[in-house]
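Colleague: Just input.cif, nothing more (mmCIF, C-alpha atoms):
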data_data
#
loop_
_atom_site.group_PDB
_atom_site.id
_atom_site.type_symbol
_atom_site.label_atom_id
_atom_site.label_comp_id
_atom_site.auth_asym_id
_atom_site.auth_seq_id
_atom_site.Cartn_x
_atom_site.Cartn_y
_atom_site.Cartn_z
ATOM 1 C CA MET V 1 -37.538 -32.030 -117.871
ATOM 2 C CA ASP V 2 -35.857 -28.703 -118.518
ATOM 3 C CA LEU V 3 -39.135 -26.916 -117.774
ATOM 4 C CA VAL V 4 -39.212 -28.343 -114.250
ATOM 5 C CA LEU V 5 -35.533 -27.474 -113.749
ATOM 6 C CA ARG V 6 -36.160 -23.921 -114.948
ATOM 7 C CA ALA V 7 -39.132 -23.643 -112.609
ATOM 8 C CA ILE V 8 -37.063 -24.869 -109.643
ATOM 9 C CA PHE V 9 -34.195 -22.489 -110.434
ATOM 10 C CA LEU V 10 -36.478 -19.481 -110.897
ATOM 11 C CA TYR V 11 -38.500 -20.303 -107.790
ATOM 12 C CA PHE V 12 -35.403 -20.199 -105.603
ATOM 13 C CA PHE V 13 -34.028 -17.178 -107.470
ATOM 14 C CA ILE V 14 -37.232 -15.209 -106.841
ATOM 15 C CA PHE V 15 -37.341 -16.467 -103.271
ATOM 16 C CA THR V 16 -33.754 -15.284 -102.645
ATOM 17 C CA LEU V 17 -34.462 -11.998 -104.367
ATOM 18 C CA THR V 18 -37.474 -11.248 -102.187
ATOM 19 C CA ARG V 19 -35.508 -12.100 -99.044
ATOM 20 C CA VAL V 20 -32.568 -9.948 -100.118
ATOM 21 C CA ILE V 21 -34.439 -6.895 -101.397
ATOM 22 C CA GLY V 22 -36.045 -6.306 -98.041
ATOM 23 C CA ARG V 23 -39.530 -6.509 -96.728
ATOM 24 C CA ARG V 24 -40.372 -2.817 -96.841
ATOM 25 C CA GLU V 25 -39.633 -2.468 -100.533
ATOM 26 C CA LEU V 26 -41.911 -5.375 -101.317
ATOM 27 C CA SER V 27 -44.799 -4.325 -99.104
ATOM 28 C CA GLU V 28 -44.932 -0.792 -100.490
ATOM 29 C CA LEU V 29 -46.321 -0.888 -103.967
ATOM 30 C CA ALA V 30 -46.148 2.530 -105.547
ATOM 31 C CA PRO V 31 -47.261 2.771 -109.219
ATOM 32 C CA PHE V 32 -43.629 2.441 -110.303
ATOM 33 C CA ASP V 33 -43.236 -0.750 -108.245
ATOM 34 C CA ILE V 34 -46.401 -2.250 -109.753
ATOM 35 C CA ILE V 35 -45.142 -1.627 -113.296
ATOM 36 C CA LEU V 36 -41.759 -3.040 -112.355
ATOM 37 C CA LEU V 37 -43.406 -6.151 -110.921
ATOM 38 C CA ILE V 38 -45.423 -6.704 -114.093
ATOM 39 C CA VAL V 39 -42.317 -6.304 -116.260
ATOM 40 C CA ALA V 40 -40.366 -8.667 -113.981
ATOM 41 C CA GLY V 41 -43.216 -11.190 -114.147
ATOM 42 C CA ASP V 42 -43.184 -11.035 -117.923
ATOM 43 C CA ALA V 43 -39.395 -11.499 -118.068
ATOM 44 C CA ILE V 44 -39.621 -14.469 -115.715
ATOM 45 C CA GLN V 45 -42.440 -16.054 -117.709
ATOM 46 C CA GLN V 46 -40.474 -15.789 -120.952
ATOM 47 C CA GLY V 47 -37.386 -17.308 -119.382
ATOM 48 C CA LEU V 48 -39.485 -20.030 -117.842
ATOM 49 C CA THR V 49 -41.751 -21.333 -120.579
ATOM 50 C CA GLN V 50 -40.093 -19.713 -123.621
ATOM 51 C CA ASP V 51 -41.910 -21.095 -126.683
ATOM 52 C CA ASP V 52 -43.851 -23.735 -124.805
ATOM 53 C CA TYR V 53 -47.556 -22.911 -125.106
ATOM 54 C CA SER V 54 -48.748 -26.348 -124.068
ATOM 55 C CA LEU V 55 -51.159 -27.227 -121.295
ATOM 56 C CA THR V 56 -48.662 -29.839 -120.111
ATOM 57 C CA GLY V 57 -46.002 -27.140 -119.781
ATOM 58 C CA ALA V 58 -48.292 -24.930 -117.702
ATOM 59 C CA VAL V 59 -49.218 -27.855 -115.437
ATOM 60 C CA LEU V 60 -45.529 -28.741 -114.983
ATOM 61 C CA VAL V 61 -44.571 -25.195 -113.999
ATOM 62 C CA VAL V 62 -47.521 -24.508 -111.699
ATOM 63 C CA GLY V 63 -47.208 -27.977 -110.173
ATOM 64 C CA THR V 64 -43.502 -27.424 -109.480
ATOM 65 C CA PHE V 65 -44.218 -24.091 -107.811
ATOM 66 C CA ALA V 66 -46.966 -25.642 -105.701
ATOM 67 C CA VAL V 67 -44.760 -28.530 -104.557
ATOM 68 C CA LEU V 68 -41.862 -26.209 -103.691
ATOM 69 C CA THR V 69 -44.154 -23.859 -101.774
ATOM 70 C CA LEU V 70 -45.519 -26.796 -99.778
ATOM 71 C CA LEU V 71 -42.033 -28.160 -99.140
ATOM 72 C CA LEU V 72 -40.737 -24.825 -97.857
ATOM 73 C CA SER V 73 -43.821 -24.339 -95.735
ATOM 74 C CA TYR V 74 -43.429 -27.833 -94.266
ATOM 75 C CA ALA V 75 -39.711 -27.287 -93.653
ATOM 76 C CA SER V 76 -40.454 -24.018 -91.883
ATOM 77 C CA PHE V 77 -43.133 -25.711 -89.759
ATOM 78 C CA LYS V 78 -41.027 -28.730 -88.813
ATOM 79 C CA ILE V 79 -37.651 -27.063 -88.380
ATOM 80 C CA PRO V 80 -37.906 -23.887 -86.251
ATOM 81 C CA ARG V 81 -34.281 -22.988 -86.940
ATOM 82 C CA LEU V 82 -35.147 -22.555 -90.609
ATOM 83 C CA ARG V 83 -37.919 -20.048 -89.926
ATOM 84 C CA PRO V 84 -35.718 -16.935 -89.700
ATOM 85 C CA ILE V 85 -34.174 -17.852 -93.064
ATOM 86 C CA LEU V 86 -37.382 -18.818 -94.815
ATOM 87 C CA GLU V 87 -39.759 -16.280 -93.309
ATOM 88 C CA GLY V 88 -37.616 -13.618 -91.680
ATOM 89 C CA GLU V 89 -38.025 -12.214 -88.195
ATOM 90 C CA PRO V 90 -39.905 -9.222 -86.815
ATOM 91 C CA ILE V 91 -37.896 -6.223 -85.719
ATOM 92 C CA VAL V 92 -38.854 -3.652 -83.083
ATOM 93 C CA ILE V 93 -38.585 -0.095 -84.418
ATOM 94 C CA ILE V 94 -40.338 1.931 -81.710
ATOM 95 C CA GLN V 95 -40.309 1.398 -77.992
ATOM 96 C CA GLY V 96 -42.022 3.794 -75.608
ATOM 97 C CA GLY V 97 -42.591 6.343 -78.356
ATOM 98 C CA LYS V 98 -38.881 6.444 -79.242
ATOM 99 C CA LEU V 99 -37.620 5.394 -82.617
ATOM 100 C CA LEU V 100 -34.866 2.792 -82.539
ATOM 101 C CA HIS V 101 -32.614 4.320 -85.187
ATOM 102 C CA ARG V 102 -30.204 1.408 -85.408
ATOM 103 C CA ASN V 103 -33.050 -0.908 -86.365
ATOM 104 C CA LEU V 104 -34.527 1.631 -88.792
ATOM 105 C CA LYS V 105 -31.164 1.959 -90.515
ATOM 106 C CA ARG V 106 -30.888 -1.789 -90.821
ATOM 107 C CA GLU V 107 -34.194 -1.921 -92.686
ATOM 108 C CA ARG V 108 -33.520 1.304 -94.637
ATOM 109 C CA LEU V 109 -36.588 2.893 -93.031
ATOM 110 C CA THR V 110 -36.906 6.636 -92.477
ATOM 111 C CA LYS V 111 -38.788 8.386 -89.701
ATOM 112 C CA GLU V 112 -41.091 9.867 -92.355
ATOM 113 C CA GLU V 113 -42.036 6.422 -93.648
ATOM 114 C CA VAL V 114 -42.893 5.239 -90.139
ATOM 115 C CA GLU V 115 -44.961 8.395 -89.568
ATOM 116 C CA GLU V 116 -46.790 7.826 -92.851
ATOM 117 C CA GLU V 117 -47.570 4.256 -91.893
ATOM 118 C CA ALA V 118 -48.770 5.452 -88.471
ATOM 119 C CA ARG V 119 -51.071 8.045 -90.055
ATOM 120 C CA GLN V 120 -52.582 5.331 -92.225
ATOM 121 C CA GLN V 121 -53.450 3.515 -89.000
ATOM 122 C CA GLN V 122 -55.046 6.645 -87.498
ATOM 123 C CA ILE V 123 -52.099 7.389 -85.234
ATOM 124 C CA SER V 124 -51.281 11.087 -85.294
ATOM 125 C CA SER V 125 -48.073 11.046 -83.268
ATOM 126 C CA LEU V 126 -45.365 8.470 -82.708
ATOM 127 C CA ASP V 127 -45.307 9.648 -79.087
ATOM 128 C CA ASP V 128 -48.601 7.778 -78.685
ATOM 129 C CA VAL V 129 -47.017 4.521 -79.773
ATOM 130 C CA GLU V 130 -45.707 2.094 -77.167
ATOM 131 C CA TRP V 131 -44.402 -0.465 -79.603
ATOM 132 C CA ALA V 132 -43.976 -0.589 -83.343
ATOM 133 C CA VAL V 133 -42.828 -3.790 -84.982
ATOM 134 C CA LEU V 134 -41.810 -4.277 -88.577
ATOM 135 C CA GLU V 135 -43.380 -7.631 -89.352
ATOM 136 C CA ASN V 136 -42.148 -10.331 -91.731
ATOM 137 C CA SER V 137 -44.746 -9.229 -94.263
ATOM 138 C CA GLY V 138 -43.247 -5.723 -94.389
ATOM 139 C CA LYS V 139 -46.210 -4.176 -92.599
ATOM 140 C CA ILE V 140 -45.693 -2.186 -89.415
ATOM 141 C CA SER V 141 -47.778 -3.110 -86.385
ATOM 142 C CA PHE V 142 -48.379 -0.236 -83.958
ATOM 143 C CA ILE V 143 -49.410 -0.811 -80.359
ATOM 144 C CA ALA V 144 -50.656 2.356 -78.708
ATOM 145 C CA LYS V 145 -49.744 3.453 -75.202
ATOM 146 C CA SER V 146 -52.439 2.449 -72.792
ATOM 147 C CA MET E 1 -42.801 0.574 -69.401
ATOM 148 C CA ALA E 2 -45.390 -1.797 -70.881
ATOM 149 C CA ASP E 3 -44.517 -5.405 -71.563
ATOM 150 C CA GLN E 4 -43.429 -6.224 -75.044
ATOM 151 C CA PRO E 5 -45.987 -7.721 -77.445
ATOM 152 C CA GLU E 6 -46.370 -11.485 -77.387
ATOM 153 C CA GLY E 7 -43.933 -13.291 -79.611
ATOM 154 C CA ILE E 8 -41.371 -10.497 -79.370
ATOM 155 C CA VAL E 9 -38.116 -11.335 -77.647
ATOM 156 C CA LEU E 10 -36.364 -8.065 -76.920
ATOM 157 C CA ARG E 11 -32.847 -9.459 -77.075
ATOM 158 C CA ARG E 12 -33.518 -10.928 -80.484
ATOM 159 C CA HIS E 13 -36.040 -8.539 -82.061
ATOM 160 C CA ARG E 14 -34.976 -5.216 -80.523
ATOM 161 C CA ASP E 15 -31.310 -5.648 -79.637
ATOM 162 C CA LEU E 16 -30.767 -7.928 -82.649
ATOM 163 C CA GLU E 17 -28.615 -10.331 -80.695
ATOM 164 C CA GLY E 18 -27.485 -13.189 -82.869
ATOM 165 C CA ARG E 19 -28.759 -11.416 -85.974
ATOM 166 C CA GLN E 20 -25.712 -9.423 -87.029
ATOM 167 C CA HIS E 21 -24.598 -12.119 -89.459
ATOM 168 C CA GLN E 22 -27.958 -11.891 -91.252
ATOM 169 C CA MET E 23 -27.075 -8.457 -92.609
ATOM 170 C CA TRP E 24 -23.788 -9.654 -94.038
ATOM 171 C CA PHE E 25 -25.462 -12.730 -95.475
ATOM 172 C CA ARG E 26 -28.041 -10.505 -97.134
ATOM 173 C CA ARG E 27 -25.386 -8.135 -98.447
ATOM 174 C CA GLY E 28 -23.391 -11.064 -99.798
ATOM 175 C CA LEU E 29 -26.406 -12.447 -101.649
ATOM 176 C CA LEU E 30 -27.219 -8.995 -102.967
ATOM 177 C CA ALA E 31 -23.655 -8.632 -104.246
ATOM 178 C CA LEU E 32 -23.926 -12.011 -105.954
ATOM 179 C CA ILE E 33 -27.168 -11.002 -107.637
ATOM 180 C CA ALA E 34 -25.707 -7.631 -108.664
ATOM 181 C CA ILE E 35 -22.696 -9.322 -110.264
ATOM 182 C CA VAL E 36 -24.897 -11.090 -112.830
ATOM 183 C CA PRO E 37 -26.077 -7.960 -114.737
ATOM 184 C CA LEU E 38 -22.581 -6.535 -114.391
ATOM 185 C CA LEU E 39 -21.163 -9.595 -116.126
ATOM 186 C CA GLY E 40 -23.907 -9.212 -118.728
ATOM 187 C CA LEU E 41 -22.610 -5.728 -119.519
ATOM 188 C CA PHE E 42 -19.227 -7.254 -120.244
ATOM 189 C CA ASN E 43 -20.715 -9.723 -122.761
ATOM 190 C CA VAL E 44 -20.202 -12.743 -120.540
ATOM 191 C CA PHE E 45 -23.646 -14.062 -121.501
ATOM 192 C CA GLY E 46 -23.449 -13.050 -125.158
ATOM 193 C CA GLN E 47 -24.209 -12.225 -127.775
ATOM 194 C CA ARG E 48 -21.767 -9.692 -129.158
ATOM 195 C CA PRO E 49 -20.043 -11.147 -132.264
ATOM 196 C CA THR E 50 -16.406 -12.171 -132.068
ATOM 197 C CA ASP E 51 -14.184 -12.043 -135.132
ATOM 198 C CA SER E 52 -11.817 -14.857 -136.075
ATOM 199 C CA GLN E 53 -9.574 -15.151 -139.073
ATOM 200 C CA ALA E 54 -7.578 -17.889 -140.745
ATOM 201 C CA SER E 55 -5.376 -17.754 -143.803
ATOM 202 C CA GLY E 56 -4.162 -20.444 -146.105
ATOM 203 C CA PRO E 57 -2.568 -20.817 -149.486
ATOM 204 C CA GLY E 58 -4.535 -18.500 -151.741
ATOM 205 C CA ALA E 59 -7.404 -17.383 -149.510
ATOM 206 C CA THR E 60 -8.441 -15.889 -146.219
ATOM 207 C CA LEU E 61 -11.477 -16.916 -144.205
ATOM 208 C CA GLU E 62 -13.085 -14.626 -141.653
ATOM 209 C CA LEU E 63 -15.871 -15.497 -139.271
ATOM 210 C CA SER E 64 -17.917 -12.991 -137.321
ATOM 211 C CA ALA E 65 -20.398 -14.618 -134.942
ATOM 212 C CA PRO E 66 -21.121 -14.706 -131.240
ATOM 213 C CA THR E 67 -19.209 -17.217 -129.164
ATOM 214 C CA ARG E 68 -21.806 -16.922 -126.405
ATOM 215 C CA ALA E 69 -25.553 -16.975 -126.861
ATOM 216 C CA ARG E 70 -28.704 -17.674 -124.904
ATOM 217 C CA GLY E 71 -31.681 -19.930 -125.547
ATOM 218 C CA GLY E 72 -34.223 -18.499 -127.970
ATOM 219 C CA LEU E 73 -32.028 -15.696 -129.291
ATOM 220 C CA LEU E 74 -31.509 -14.883 -132.945
ATOM 221 C CA PHE E 75 -27.980 -14.414 -134.171
ATOM 222 C CA GLN E 76 -25.954 -14.166 -137.334
ATOM 223 C CA ALA E 77 -22.806 -15.894 -138.482
ATOM 224 C CA HIS E 78 -21.009 -13.957 -141.181
ATOM 225 C CA PHE E 79 -18.318 -15.700 -143.240
ATOM 226 C CA THR E 80 -16.035 -13.725 -145.514
ATOM 227 C CA ILE E 81 -13.824 -15.400 -148.074
ATOM 228 C CA GLU E 82 -11.108 -13.322 -149.705
ATOM 229 C CA ALA E 83 -9.531 -15.173 -152.579
ATOM 230 C CA GLN E 84 -5.970 -14.360 -153.527
ATOM 231 C CA ARG E 85 -6.081 -16.972 -156.287
ATOM 232 C CA ASP E 86 -8.873 -18.564 -158.277
ATOM 233 C CA LEU E 87 -10.897 -21.015 -156.194
ATOM 234 C CA GLN E 88 -12.531 -23.461 -158.583
ATOM 235 C CA ASN E 89 -15.072 -24.908 -156.187
ATOM 236 C CA ALA E 90 -15.011 -23.019 -152.914
ATOM 237 C CA ALA E 91 -16.924 -24.616 -150.097
ATOM 238 C CA LEU E 92 -17.475 -24.085 -146.417
ATOM 239 C CA VAL E 93 -17.410 -27.233 -144.333
ATOM 240 C CA LEU E 94 -19.156 -26.744 -141.010
ATOM 241 C CA HIS E 95 -18.976 -28.973 -137.969
ATOM 242 C CA PRO E 96 -22.443 -30.523 -137.320
ATOM 243 C CA ASP E 97 -22.593 -28.568 -134.041
ATOM 244 C CA TRP E 98 -23.416 -25.511 -136.182
ATOM 245 C CA LEU E 99 -26.923 -26.940 -136.424
ATOM 246 C CA GLN E 100 -27.064 -28.970 -133.218
ATOM 247 C CA GLY E 101 -29.922 -27.520 -131.157
ATOM 248 C CA MET E 102 -30.124 -24.485 -133.405
ATOM 249 C CA THR E 103 -32.475 -23.547 -136.195
ATOM 250 C CA LEU E 104 -30.948 -22.206 -139.370
ATOM 251 C CA ASN E 105 -33.486 -19.661 -140.562
ATOM 252 C CA THR E 106 -31.699 -18.741 -143.751
ATOM 253 C CA LEU E 107 -28.405 -19.068 -145.544
ATOM 254 C CA GLU E 108 -27.489 -16.399 -148.079
ATOM 255 C CA PRO E 109 -26.360 -16.689 -150.785
ATOM 256 C CA SER E 110 -27.738 -20.159 -151.371
ATOM 257 C CA PRO E 111 -25.030 -22.734 -152.009
ATOM 258 C CA THR E 112 -24.866 -24.409 -155.372
ATOM 259 C CA GLU E 113 -24.813 -27.694 -153.496
ATOM 260 C CA GLU E 114 -25.370 -28.783 -149.923
ATOM 261 C CA THR E 115 -24.176 -32.124 -148.727
ATOM 262 C CA SER E 116 -22.821 -34.058 -145.805
ATOM 263 C CA ASP E 117 -19.074 -34.441 -145.823
ATOM 264 C CA ASN E 118 -18.038 -37.170 -143.434
ATOM 265 C CA GLY E 119 -20.592 -35.976 -140.894
ATOM 266 C CA ALA E 120 -19.907 -32.298 -141.499
ATOM 267 C CA LEU E 121 -22.125 -29.898 -143.436
ATOM 268 C CA ARG E 122 -20.674 -28.915 -146.765
ATOM 269 C CA PHE E 123 -21.932 -25.817 -148.566
ATOM 270 C CA GLU E 124 -20.456 -25.346 -152.032
ATOM 271 C CA PHE E 125 -20.406 -21.927 -153.676
ATOM 272 C CA GLY E 126 -18.595 -22.630 -156.928
ATOM 273 C CA HIS E 127 -15.968 -20.417 -158.498
ATOM 274 C CA ILE E 128 -14.477 -17.412 -156.713
ATOM 275 C CA ALA E 129 -12.066 -15.414 -158.836
ATOM 276 C CA ALA E 130 -8.709 -14.183 -157.566
ATOM 277 C CA GLY E 131 -9.087 -10.853 -155.770
ATOM 278 C CA ASP E 132 -12.807 -11.367 -155.142
ATOM 279 C CA ARG E 133 -14.517 -11.212 -151.822
ATOM 280 C CA PHE E 134 -17.360 -13.592 -151.090
ATOM 281 C CA ASP E 135 -19.739 -13.150 -148.151
ATOM 282 C CA VAL E 136 -21.993 -15.805 -146.653
ATOM 283 C CA PHE E 137 -24.612 -15.061 -144.006
ATOM 284 C CA LEU E 138 -26.244 -17.669 -141.798
ATOM 285 C CA GLN E 139 -29.175 -16.526 -139.661
ATOM 286 C CA TYR E 140 -29.828 -18.654 -136.618
ATOM 287 C CA GLN E 141 -32.138 -19.059 -133.711
ATOM 288 C CA VAL E 142 -30.977 -20.964 -130.650
ATOM 289 C CA ASN E 143 -33.504 -23.595 -129.635
ATOM 290 C CA PRO E 144 -34.678 -22.877 -126.076
ATOM 291 C CA THR E 145 -33.680 -26.328 -124.861
ATOM 292 C CA ALA E 146 -30.153 -26.125 -126.278
ATOM 293 C CA VAL E 147 -27.619 -25.557 -123.507
ATOM 294 C CA GLY E 148 -23.858 -25.983 -123.316
ATOM 295 C CA LYS E 149 -20.878 -26.041 -125.610
ATOM 296 C CA ARG E 150 -20.968 -26.270 -129.381
ATOM 297 C CA LYS E 151 -18.036 -26.498 -131.757
ATOM 298 C CA GLN E 152 -17.901 -23.601 -134.163
ATOM 299 C CA TRP E 153 -15.437 -25.254 -136.511
ATOM 300 C CA VAL E 154 -15.352 -24.273 -140.140
ATOM 301 C CA ASP E 155 -13.051 -25.158 -142.993
ATOM 302 C CA LEU E 156 -12.670 -23.307 -146.243
ATOM 303 C CA VAL E 157 -11.938 -25.843 -148.945
ATOM 304 C CA ASP E 158 -11.385 -25.766 -152.654
ATOM 305 C CA GLY E 159 -12.623 -29.059 -153.994
ATOM 306 C CA GLN E 160 -11.048 -31.531 -151.601
ATOM 307 C CA SER E 161 -8.090 -29.419 -150.480
ATOM 308 C CA ARG E 162 -8.387 -27.520 -147.242
ATOM 309 C CA ILE E 163 -7.273 -23.893 -147.448
ATOM 310 C CA ALA E 164 -8.083 -22.389 -144.070
ATOM 311 C CA SER E 165 -9.635 -23.569 -140.864
ATOM 312 C CA ILE E 166 -11.181 -21.806 -137.877
ATOM 313 C CA GLN E 167 -11.785 -23.767 -134.698
ATOM 314 C CA ARG E 168 -13.565 -22.111 -131.843
ATOM 315 C CA GLY E 169 -16.572 -22.731 -129.632
ATOM 316 C CA LEU E 170 -20.017 -21.405 -128.897
ATOM 317 C CA PHE E 171 -21.425 -21.571 -125.408
ATOM 318 C CA ILE E 172 -25.182 -21.444 -125.026
ATOM 319 C CA PHE E 173 -26.555 -20.228 -121.719
ATOM 320 C CA PRO E 174 -29.979 -21.493 -120.612
#
As structure tokens - that is how I would like this structure written.
Modeller:
Amino acid sequence: MDLVLRAIFLYFFIFTLTRVIGRRELSELAPFDIILLIVAGDAIQQGLTQDDYSLTGAVLVVGTFAVLTLLLSYASFKIPRLRPILEGEPIVIIQGGKLLHRNLKRERLTKEEVEEEARQQQISSLDDVEWAVLENSGKISFIAKS
Amino acid sequence: MADQPEGIVLRRHRDLEGRQHQMWFRRGLLALIAIVPLLGLFNVFGQRPTDSQASGPGATLELSAPTRARGGLLFQAHFTIEAQRDLQNAALVLHPDWLQGMTLNTLEPSPTEETSDNGALRFEFGHIAAGDRFDVFLQYQVNPTAVGKRKQWVDLVDGQSRIASIQRGLFIFP
């Protein structure tokens, strides 16, 4: 029983953590972030299963995660008011080639980071961008001026 | 100016109307999460040892062991007996909680006799001369499923007469 309870607690802890840390930090995986993720995964695994090496234990944990993921997904689908909490909301960061600094500050985004993201999408100047939207996934969508 | 992309509501996604509280909610959660490691630094979750002492007629008993631990961790309980008079048959009587949900890896030095004393664990060490100091080490591991309060009660007895008693608790975090 305690394994399922641990899995439920850690699922919601990780869920809260990812919502709190911010989408940009999670979408950008520099080598340091990858190492940190692996270390965090290892720490979570140890806290979760501890000395339980059984197949039953693994099925309990993975099954719990699967059920919770489905439940949250269903809740988000059925209850639109929950969507901003469960999935987040997009945020406009460029309109008509102009950076919206208030929104950048809110997401701890710098102009340089937006420019870097634009370059990766073959956009050489932010002046060419009509809209840029920071999506729930942490990716930035650029829509060029027509 | 071009129309906004589909699915984007300018008042909500650009002007952030009705979204100001989200920032404070996020900051609040972040503060809550940040408090946990901070509390850890202050030994709230163990397992720095805490010293306790009790004296009685003819002897002093000291206990150095954590009062907070976490599942799976190894820890040590160190008992020190300082005899001011001859103790003919010194024994430590431990509340059964000392082994409830915990594995005793080793106990040094080995008692001359181990028995159950009215539900408690009794470890006898024989004669301790006046002026001598006698150390006992118990090495533990907390079982991962053990959670909650445990009584860390211990009596120092000589034969059947109680000399000193320490009563405190151990809290095990999951």
Colleague: Taking 3 positions as the minimum chain separation for residues in the same chain, which residues sit within 9 Å of segment 162-168 of chain E when counting all atoms listed in the file? Answer as a ChimeraX atom specification.
Modeller: /E:52-63,67,150-159
Colleague: Chain E residues within 6 Å of chain V, counting all atoms listed in the file: which ones, as a list in words?
Modeller: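 Therefore, the residues near the partner are His13, Arg14 and Arg26 of chain E.
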Colleague: Evaluate the PyMOL selection byres ((chain E and resi 108-113) around 10) on the structure here and hand back the selected residues as a short mmCIF file (atom, residue, chain, number, x, y, z; two decimals) with C-alpha atoms, in the coordinates of the input.
Modeller:
data_model
loop_
_atom_site.label_atom_id
_atom_site.label_comp_id
_atom_site.auth_asym_id
_atom_site.auth_seq_id
_atom_site.Cartn_x
_atom_site.Cartn_y
_atom_site.Cartn_z
CA HIS E 78 -21.01 -13.96 -141.18
CA ASN E 89 -15.07 -24.91 -156.19
CA ALA E 91 -16.92 -24.62 -150.10
CA LEU E 92 -17.48 -24.08 -146.42
CA THR E 106 -31.70 -18.74 -143.75
CA LEU E 107 -28.40 -19.07 -145.54
CA GLU E 114 -25.37 -28.78 -149.92
CA THR E 115 -24.18 -32.12 -148.73
CA ARG E 122 -20.67 -28.92 -146.76
CA PHE E 123 -21.93 -25.82 -148.57
CA GLU E 124 -20.46 -25.35 -152.03
CA PHE E 125 -20.41 -21.93 -153.68
CA GLY E 126 -18.60 -22.63 -156.93
CA PHE E 134 -17.36 -13.59 -151.09
CA ASP E 135 -19.74 -13.15 -148.15
CA VAL E 136 -21.99 -15.80 -146.65
CA PHE E 137 -24.61 -15.06 -144.01
CA LEU E 138 -26.24 -17.67 -141.80
CA GLN E 139 -29.18 -16.53 -139.66
#
Colleague: Near Pro66 of chain E, within 12 Å and counting all atoms listed in the file, which residues show up once chain neighbours fewer than 2 positions away are dropped, as a ChimeraX atom specification?
Modeller: /E:43-52,63-64,68-70,73-78,139-140,142,150,152,168-172
Colleague: With all atoms listed in the file as the basis for distance, which of V:Leu36, V:Leu55, V:Val61, V:Leu82 is at the shortest distance from Tyr11 of chain V?
Modeller: V:Val61
Colleague: Between atom CA of Pro144 of chain E and atom CA of Pro174 of chain E, what distance in Å does the model show, to one decimal?
Modeller: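 Here the two named atoms are 7.3 Å from each other.
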Colleague: Quick one: distance from atom CA of Thr18 of chain V to atom CA of Gly72 of chain E in Å, one decimal?
Modeller: 27.0 Å
Colleague: Grab the atom CA of Arg133 of chain E to atom CA of Ala83 of chain E distance for me, in Å with one decimal place.
Modeller: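 It comes out at 6.4 Å.
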Colleague: For the point (-40.1, -26.8, -98.6) in the file's frame, write as a list in words all residues with an atom no more than 12 Å away, counting all atoms listed in the file.
Modeller: Ile8, Tyr11, Phe12, Phe15, Thr64, Phe65, Ala66, Val67, Leu68, Thr69, Leu70, Leu71, Leu72, Ser73, Tyr74, Ala75, Ser76, Phe77, Lys78, Ile79, Leu82, Arg83, Leu86 and Glu87 of chain V
Colleague: Which of these residues is nearest to Leu126 of chain V, using only C-alpha atoms: V:Ala58, V:Leu104, V:Leu99, V:Ala43?
Modeller: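 Using only C-alpha atoms, the shortest distance to Leu126 of chain V belongs to V:Leu99.
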Colleague: Of the candidates V:Gly57, V:Ala144, V:Gly63, V:Gln122, which shows the shortest atom-to-atom distance to Gly97 of chain V, using all atoms listed in the file?
Modeller: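 Using all atoms listed in the file, the shortest distance to Gly97 of chain V belongs to V:Ala144.
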